[in-house]
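Below: one structure, written as structure tokens.
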Amino acid sequence: MHTFDLSMDRITKVEGSASLNVKVENNKVKNVQFKITEYKRFFTQAMIGKPIIGLPQLLARICGTCSNAHIIASIEACENALEIKPTEQTILLRILTMYGLMIRDHALHLYLFSMPDLYNKDSFLELDENNPEEHQILHDGFEVKASGNELSTLVAGRSVHAPYPTIGGFTHFPEKKEIDLIVEKLEKARPAVLRLIEIFEKAPFHFERKTNFMALDSDRYGFLKGCINTGKGKCIPEQEFRNHLEHVVLPYSQASAYKHEGESYMVGALARMNLYGNKLHQRTKKDIGKTLKIFPSSDIFHNNLAQAIEILHSIDDSIDILKNNNFPPEPITKNTPKESVGVGVIEAPRGTLYHKVEIDKNGLIKSGEIVVPTGQNQINIEQDIWKLVDSLLPDTPKENIPLEIEKLIRAYDPCMSCAAHFLKVNWLEK
Amino acid sequence: MPKKKMTNDDTDKKIRIGWFTFLCSEDSTIVMTEIMNDKWQEWKKTFDFRHARVLKSKNILDQLDIAFIEGAIASDEHIAQLKEIREKSKKLVAIGSCAVTGMPSAQRNFFAEPQKQEIEFLLTRFKALPRVMKVSDVVRVDMEVGGCPMEPSKFLEVVEKLTKELKKTS
């Protein structure tokens, strides 16, 4: 009969710092606490009083890996506050910025964080170059990652804290010669991504639990615009988001958690594929049609497969956009500030990202709010761990349970750096 | 032609690396993984990553040749960890703006009084230090790579310089 307290001080191969406590009595889980242990950096306090022009770059510093998502969400919020309408070209460049991020960020997660579990290795670098299959994966991993990095660098100036996107447009524009080179690199990375999809389709890890899915939905399988599809027949306008997300305080975690209509939900690639996988690029659908039949899925490990598919979609749509458009220099669109509130909602790699900003008539920040994907997934992660550990008991030795939990947590691709920024909360003391 | 397999003897000759992050966005960690796109084969031969949570699960904090420290210092636990790393490392390099200058992670040090009062209960709850510190406030730093994120060419310069130094002394 198992009775024990399991503590994992720091989950590895994830972004940032998290720990976990699980309490088991008589073969039954009694409590799970998934704790985001990053110390707060108080960004929503630090933004107060600052001029709106610098806000997207400040908020990029919330997170290294998702920084370009924070820039784009913040720009959208600021533009809505300033009543600036971006040009068609600006929207295309932002779509490409998001595709560069999706390719690079999903590839980092799939190859460096999740792949070692599939090959019983501790680290991606431990894959054996003398084994043809592992040799191929090693080379594939860095090639795919590099293609996303280079697309981001071309369009946005850098894959981390990109300097070109700004409120009202872009400060730099890709040239034809550079575009041709990137198209070539994306095409070259494509076979590696097809191999990646096959690997995660055949992966032996599965965990089923029925939950709710939520994602920003529009005509294009993209990450910029739309309404918030709750998976329950509703699509909520972006600016009304706050009425539909219920803030939940977890006193042991540095991050805020959320529910919708009293229930936990999941955001991220699996949610997007479940809600609108039919909107993927035509070339993607043509090449992996059979794989797409797996969705909708309630297997959390299919989040890995969904990310791999999103890499292919991002490559295919990027090639399409880059081949069919020129990007001549455009002036930055400006407007005079007035007292107002703006909301920006996008799909970051890990799910729906909300930015809200309130400004005064001088364009100085009065207040702000940010809701990140990992905060939204936090309760779902806890509930999944609960069910997973229950299902492993009593047969699995205690020492084998932490790895199974880590694999499940890694499938969510959580980002603790994002989750532990500051939200003004009222703590409920026990 | 198949490549020669790496042996334990080869591992012994590798430079022992630790990559540690404290209070920051981990942007330089991401940049490091991007530099790996070109450098991974060279690093696989040259470096033994003893401790790098972004790369592996079985991390060991024993004797290191180079410890790279990203992020600012925000708690007594951070101070203790950093001092232990310093004791066990021949060279310690502060990586990125938060490690080198404290900012932007130290932005709460400059809050106005009402903002400080508003966050006070959170600092107490999670036992955070009253002021966020840069790495050199706590331990001796041998080299610095600034930037938010770090500049890849500067990082590679420092890696090359330290690698040469360590090879000479070994």
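We label chains A, B, ... in the order they appear in the structure tokens, count residues from 1 in each chain, and number ligands from 1 in the order shown.
Look at Ser75 of chain B: the protein and nucleic acid residues within 12 Å of it, using only C-alpha atoms and passing over chain neighbours fewer than 2 places away, are Thr37, Glu38, Tyr39 and Lys40 of chain A; Phe22, Leu23, Ala72, Ile73, Glu77, His78, Ile79, Ala80, Gln81, Leu82, Leu123, Thr124, Arg125, Phe126, Lys127, Ala128, Leu129, Pro130, Arg131, Val132, Met133, Lys134 and Val138 of chain B.
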Taking only C-alpha atoms into account, report as a compact mmCIF listing (two decimals) with N, CA and C atoms, in the first residue's frame which residues of chain B lie within 6 Å of chain A.
# COMPACT_ATOMS: atom_id res chain seq x y z
N SER B 25 14.40 36.46 -17.90
CA SER B 25 13.47 35.91 -18.90
C SER B 25 14.07 34.69 -19.61
N GLU B 26 15.31 34.34 -19.29
CA GLU B 26 16.03 33.25 -19.96
C GLU B 26 16.24 33.53 -21.44
N ASP B 27 16.30 34.80 -21.80
CA ASP B 27 16.51 35.11 -23.22
C ASP B 27 17.90 34.66 -23.70
N ASN B 37 22.79 25.80 -32.96
CA ASN B 37 22.42 25.36 -34.31
C ASN B 37 23.66 25.20 -35.19
N ARG B 53 19.92 22.91 -16.90
CA ARG B 53 18.54 22.39 -16.78
C ARG B 53 17.77 22.51 -18.08
N VAL B 54 18.15 23.43 -18.95
CA VAL B 54 17.44 23.55 -20.21
C VAL B 54 17.78 22.39 -21.15
N LEU B 55 18.92 21.74 -20.92
CA LEU B 55 19.37 20.68 -21.82
C LEU B 55 19.18 19.28 -21.27
N LYS B 56 19.17 19.14 -19.92
CA LYS B 56 19.18 17.79 -19.37
C LYS B 56 18.51 17.72 -18.00
N SER B 57 18.19 16.48 -17.57
CA SER B 57 17.52 16.29 -16.28
C SER B 57 18.51 15.92 -15.17
N SER B 105 15.37 42.86 -14.38
CA SER B 105 14.76 42.11 -13.27
C SER B 105 14.72 42.91 -11.97
| query | So which bits of segment 221-300 of chain A end up alpha helix (DSSP H) when you DSSP the backbone, as an MDAnalysis selection string? | reply | chainID A and resid 269:276 282:287 289:292
| remark: Residue with the minimum atom-to-atom distance to Ala74 of chain B, picked from B:Asp137, B:Glu87, B:Glu113, B:Asp48 with only C-alpha atoms counted, is B:Asp137
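Contact shell of Leu82 of chain A at 8 Å (only C-alpha atoms; same-chain neighbours under 2 positions omitted): Cys78, Glu79, Asn80, Ile84, Asn335, Thr336, Pro337, Lys338, Ser340 and Gly342 of chain A.
Counting only C-alpha atoms, the residue from B:Lys14, B:Gly147, B:Glu165, B:Thr29 that sits nearest to Met103 of chain B is B:Gly147.
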